[in-house]
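Coordinates from my_file_15.cif are shown below (mmCIF, C-alpha atoms and all ligand atoms).
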```
data_query
loop_
_atom_site.label_atom_id
_atom_site.label_comp_id
_atom_site.auth_asym_id
_atom_site.auth_seq_id
_atom_site.Cartn_x
_atom_site.Cartn_y
_atom_site.Cartn_z
CA MET A 417 -29.72 30.83 -18.87
CA THR A 418 -28.74 29.05 -15.63
CA GLU A 419 -30.20 25.79 -16.93
CA PHE A 420 -28.33 26.19 -20.19
CA LEU A 421 -25.01 26.82 -18.40
CA LEU A 422 -25.63 23.98 -15.95
CA SER A 423 -26.39 21.58 -18.84
CA LEU A 424 -23.15 22.57 -20.58
CA HIS A 425 -21.24 22.21 -17.30
CA VAL A 426 -22.56 18.68 -16.70
CA LEU A 427 -22.04 17.74 -20.37
CA ALA A 428 -18.44 18.96 -20.20
CA ALA A 429 -17.90 16.92 -17.01
CA ILE A 430 -19.25 13.77 -18.69
CA ILE A 431 -17.46 14.22 -22.00
CA ALA A 432 -14.09 15.36 -20.64
CA VAL A 433 -13.66 13.87 -17.17
CA GLY A 434 -15.18 10.48 -18.14
CA PRO A 435 -12.55 9.61 -20.79
CA VAL A 436 -9.69 10.84 -18.57
CA THR A 437 -10.90 8.57 -15.75
CA VAL A 438 -11.15 5.50 -17.99
CA ALA A 439 -7.93 6.09 -19.94
CA ALA A 440 -5.91 7.02 -16.84
CA SER A 441 -7.16 3.93 -15.00
CA MET A 442 -6.24 1.70 -17.97
CA PHE A 443 -2.78 3.27 -18.32
CA PRO A 444 -0.82 1.53 -15.49
CA PRO A 445 -1.91 -2.05 -16.41
CA ALA A 446 -1.36 -1.27 -20.13
CA ALA A 447 2.14 0.04 -19.32
CA ARG A 448 2.87 -3.13 -17.33
CA ARG A 449 1.75 -5.26 -20.28
CA ALA A 450 3.93 -3.22 -22.63
CA MET A 451 6.95 -3.95 -20.39
CA GLY A 452 6.67 -7.59 -21.50
CA PRO A 453 7.33 -10.67 -19.37
CA ASP A 454 11.09 -9.98 -19.07
CA GLY A 455 10.79 -6.22 -18.73
CA ASP A 456 12.39 -5.60 -22.12
CA GLY A 457 9.30 -4.71 -24.12
CA ALA A 458 6.27 -6.53 -25.55
CA GLY A 459 6.27 -4.99 -29.02
CA ALA A 460 5.14 -1.85 -30.79
CA GLY A 461 1.42 -2.67 -30.55
CA ALA A 462 1.44 -2.66 -26.77
CA VAL A 463 3.39 0.61 -26.67
CA GLY A 464 0.90 2.04 -29.21
CA THR A 465 -1.93 1.33 -26.77
CA VAL A 466 -0.07 3.09 -23.95
CA ARG A 467 0.58 6.06 -26.26
CA LEU A 468 -3.12 6.27 -27.21
CA LEU A 469 -4.22 6.15 -23.55
CA HIS A 470 -1.77 8.95 -22.71
CA ARG A 471 -3.05 11.01 -25.64
CA ILE A 472 -6.66 10.59 -24.49
CA CYS A 473 -5.68 11.74 -20.99
CA ARG A 474 -3.77 14.78 -22.27
CA VAL A 475 -6.33 15.93 -24.86
CA TYR A 476 -9.39 15.44 -22.63
CA ALA A 477 -7.64 17.05 -19.67
CA GLY A 478 -7.43 20.13 -21.91
CA VAL A 479 -11.12 19.86 -22.83
CA GLY A 480 -11.81 19.45 -19.09
CA VAL A 481 -10.81 23.09 -18.47
CA ALA A 482 -14.36 23.83 -19.69
CA VAL A 483 -15.77 22.12 -16.56
CA PRO A 484 -14.61 24.71 -13.97
CA VAL A 485 -15.10 27.57 -16.48
CA LEU A 486 -18.75 26.61 -17.03
CA GLY A 487 -19.02 25.78 -13.31
CA PHE A 488 -18.04 29.34 -12.36
CA ALA A 489 -20.44 30.74 -14.98
CA THR A 490 -23.26 28.58 -13.57
CA ALA A 491 -22.40 29.53 -9.99
CA SER A 492 -22.37 33.26 -10.72
CA ALA A 493 -25.69 33.00 -12.63
CA MET A 494 -27.15 31.24 -9.58
CA GLY A 495 -25.53 33.63 -7.10
CA VAL A 496 -23.95 30.80 -5.09
CA LEU A 497 -20.27 31.73 -5.55
CA GLY A 498 -19.72 32.21 -1.80
CA ASP A 499 -21.52 29.03 -0.65
CA GLY A 500 -19.48 26.63 1.46
CA TRP A 501 -20.21 23.57 -0.71
CA LEU A 502 -19.13 25.50 -3.80
CA VAL A 503 -15.92 26.86 -2.28
CA THR A 504 -15.07 23.32 -1.12
CA SER A 505 -15.81 21.98 -4.63
CA VAL A 506 -13.56 24.61 -6.21
CA ALA A 507 -10.72 23.67 -3.84
CA LEU A 508 -11.16 19.93 -4.51
CA THR A 509 -11.40 20.55 -8.28
CA ALA A 510 -8.14 22.52 -8.10
CA ALA A 511 -6.55 19.67 -6.12
CA ALA A 512 -7.75 17.10 -8.69
CA ALA A 513 -6.42 19.21 -11.57
CA GLY A 514 -3.14 19.66 -9.68
CA VAL A 515 -2.71 15.90 -9.17
CA LEU A 516 -3.45 15.30 -12.86
CA VAL A 517 -1.13 18.00 -14.22
CA ALA A 518 1.70 17.67 -11.69
CA PHE A 519 1.81 13.89 -11.17
CA VAL A 520 -0.37 11.76 -13.48
CA LEU A 521 0.40 13.28 -16.90
CA PRO A 522 4.17 13.81 -16.39
CA ARG A 523 4.58 10.30 -14.97
CA GLN A 524 2.65 8.83 -17.93
CA ASP A 525 4.88 10.83 -20.27
CA GLU A 526 8.01 9.49 -18.59
CA LEU A 527 6.84 5.85 -18.62
CA LEU A 528 5.82 6.15 -22.28
CA ALA A 529 9.26 7.53 -23.22
CA GLN A 530 10.97 4.68 -21.34
CA LEU A 531 8.80 2.06 -23.07
CA ALA A 532 9.27 3.62 -26.52
CA ASP A 533 13.07 3.64 -26.05
CA HIS A 534 13.12 0.07 -24.69
CA ARG A 535 14.57 1.35 -21.44
CA PRO A 536 13.86 -0.72 -18.31
CA VAL A 537 10.71 0.33 -16.42
CA GLU A 538 10.35 -0.24 -12.70
CA ARG A 539 7.12 -1.88 -11.55
CA ALA A 540 7.09 0.53 -8.59
CA GLY A 541 6.77 3.35 -11.14
CA THR A 542 3.47 2.02 -12.51
CA ALA A 543 2.22 1.36 -8.95
CA ARG A 544 2.96 4.97 -7.92
CA LEU A 545 1.17 6.20 -11.04
CA ALA A 546 -1.83 4.01 -10.21
CA MET A 547 -1.91 5.57 -6.73
CA PHE A 548 -1.97 9.15 -8.07
CA THR A 549 -4.59 8.14 -10.65
CA GLY A 550 -6.75 6.72 -7.86
CA LEU A 551 -6.36 9.92 -5.86
CA PHE A 552 -7.41 11.99 -8.89
CA ASN A 553 -10.51 9.81 -9.40
CA LEU A 554 -11.42 10.02 -5.71
CA LEU A 555 -11.11 13.84 -5.68
CA TRP A 556 -13.35 14.48 -8.67
CA ALA A 557 -15.87 11.83 -7.60
CA THR A 558 -16.11 13.69 -4.27
CA VAL A 559 -16.74 16.94 -6.16
CA THR A 560 -19.55 15.27 -8.14
CA VAL A 561 -21.24 14.13 -4.92
CA LEU A 562 -20.85 17.65 -3.44
CA MET A 563 -22.41 19.15 -6.59
CA ILE A 564 -25.45 16.91 -6.20
CA VAL A 565 -25.89 16.90 -2.40
CA ARG A 566 -24.86 20.58 -1.90
CA PRO A 567 -24.69 20.36 1.91
CA GLY A 568 -26.07 23.48 3.56
CA SER A 569 -27.62 24.77 0.33
CA THR A 570 -31.08 26.31 0.50
CA THR A 571 -31.52 26.73 -3.27
CA GLY A 572 -33.47 23.63 -4.25
CA ALA A 573 -33.72 19.90 -3.68
C1 LIG A 601 -14.49 25.06 -10.18
C2 LIG A 601 -15.19 23.97 -10.20
C3 LIG A 601 -16.68 23.87 -10.28
C4 LIG A 601 -17.68 24.82 -10.07
C5 LIG A 601 -17.50 26.29 -9.73
C6 LIG A 601 -18.96 24.16 -10.25
C7 LIG A 601 -20.21 24.74 -10.13
C8 LIG A 601 -21.43 24.10 -10.20
C9 LIG A 601 -22.72 24.68 -9.91
C10 LIG A 601 -22.97 26.12 -9.47
C11 LIG A 601 -23.66 23.71 -10.08
C12 LIG A 601 -25.19 23.88 -9.89
C13 LIG A 601 -25.64 23.24 -8.62
C14 LIG A 601 -27.12 23.42 -8.40
O1 LIG A 601 -27.92 22.90 -9.21
O2 LIG A 601 -27.48 24.07 -7.40
C15 LIG A 601 -22.99 22.50 -10.50
C16 LIG A 601 -23.60 21.29 -10.78
C17 LIG A 601 -22.97 20.14 -11.15
N1 LIG A 601 -21.60 19.96 -11.28
FE1 LIG A 601 -20.16 21.39 -10.95
N2 LIG A 601 -18.72 22.84 -10.59
C18 LIG A 601 -17.36 22.62 -10.60
C19 LIG A 601 -16.69 21.43 -10.87
C20 LIG A 601 -17.33 20.23 -11.18
C21 LIG A 601 -16.64 18.98 -11.45
C22 LIG A 601 -15.14 18.78 -11.40
C23 LIG A 601 -17.60 18.05 -11.72
C24 LIG A 601 -17.47 16.62 -12.09
C25 LIG A 601 -16.46 16.10 -12.72
C26 LIG A 601 -18.89 18.69 -11.63
C27 LIG A 601 -20.11 18.07 -11.82
C28 LIG A 601 -21.34 18.65 -11.63
C29 LIG A 601 -22.61 17.95 -11.75
C30 LIG A 601 -22.79 16.47 -12.13
C31 LIG A 601 -23.62 18.88 -11.44
C32 LIG A 601 -25.14 18.64 -11.45
C33 LIG A 601 -25.63 18.48 -10.06
C34 LIG A 601 -27.13 18.70 -9.95
O3 LIG A 601 -27.62 19.70 -10.48
O4 LIG A 601 -27.78 17.89 -9.28
N3 LIG A 601 -18.69 20.03 -11.30
N4 LIG A 601 -21.63 22.76 -10.55
#
```

Is it possible to give me this structure as structure tokens?
Amino acid sequence: MTEFLLSLHVLAAIIAVGPVTVAASMFPPAARRAMGPDGDGAGAGAVGTVRLLHRICRVYAGVGVAVPVLGFATASAMGVLGDGWLVTSVALTAAAAGVLVAFVLPRQDELLAQLADHRPVERAGTARLAMFTGLFNLLWATVTVLMIVRPGSTTGA
């Protein structure tokens, strides 16, 4: 049962967090391209790309809820819920989710609305979004390393 839950947990992480990472990382440069050379828009196709990237981020962020749910199920099946590495991972996962939901997704939403309405977009806006996206990626990558190294764990390799 533990192996089954762990497999689902890792699958969910690959399927959900992978696309969010790629799409969120592609979003700021795509938004800059959609601004056009004069900042007044580069056409509907470029905005369509930005919209698709935002949609991937939003939908797969929702699917990503399965990662901590299956993570908790795996942890309780293994009896490691109180372990330091796990508690740290839970906190970092919560921080990553918080950055995504509170900063990355709303900022993408805002930029997309500005581009769709042909309103001027500040370059600093895409740079700030890129910074939060980088922070999100760093947080969940740290969790992945913690999940594999499990410092202080005595339950396996
Ligand atoms: C609330 C959050 C989470 C909990 C409670 C949790 C729990 C767990 C547990 C108990 C294991 C088994 C470790 C072992 O084999 O001893 C595991 C493995 C793993 N988790 Fe998580 N996890 C969480 C979030 C994440 C996130 C955000 C990612 C990546 C995006 C992730 C990726 C992995 C991977 C790749 C493994 C396999 C490591 C291995 O067995 O070598 N987990 N997780």

At most 12 Å from (-1.5, 17.9, -16.1), file frame, all atoms listed in the file: which residues, as a ChimeraX atom specification? /A:436,440,470-471,473-481,510-525,548-549,552

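Among the candidates A:Leu469, A:Ile430, A:Ile564, A:Val503, the residue lying nearest to ligand LIG 601 (chain A) is A:Ile564 (atoms considered: only C-alpha atoms and all ligand atoms).
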
Let me have the centre and edge lengths of the axis-aligned box enclosing all listed atoms of region 477-480 of chain A with 6 Å padding on every side, in Å to one decimal, as AutoDock Vina command-line options.
```
--center_x -9.6 --center_y 18.6 --center_z -21.0 --size_x 16.4 --size_y 15.1 --size_z 15.7
```

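The shell of residues at most 9 Å from Gly500 (chain A), with all atoms listed in the file counted and near chain neighbours (fewer than 3 positions) removed, consists of A:Val496, A:Leu497, A:Val503, A:Thr504, A:Ser505, A:Arg566, A:Pro567, A:Gly568, A:Ser569.
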
Taking all atoms listed in the file into account, name the residue in A:Ile431, A:Leu502, A:Ile472, A:Ala460 that is nearest to ligand LIG 601 (chain A). A:Leu502
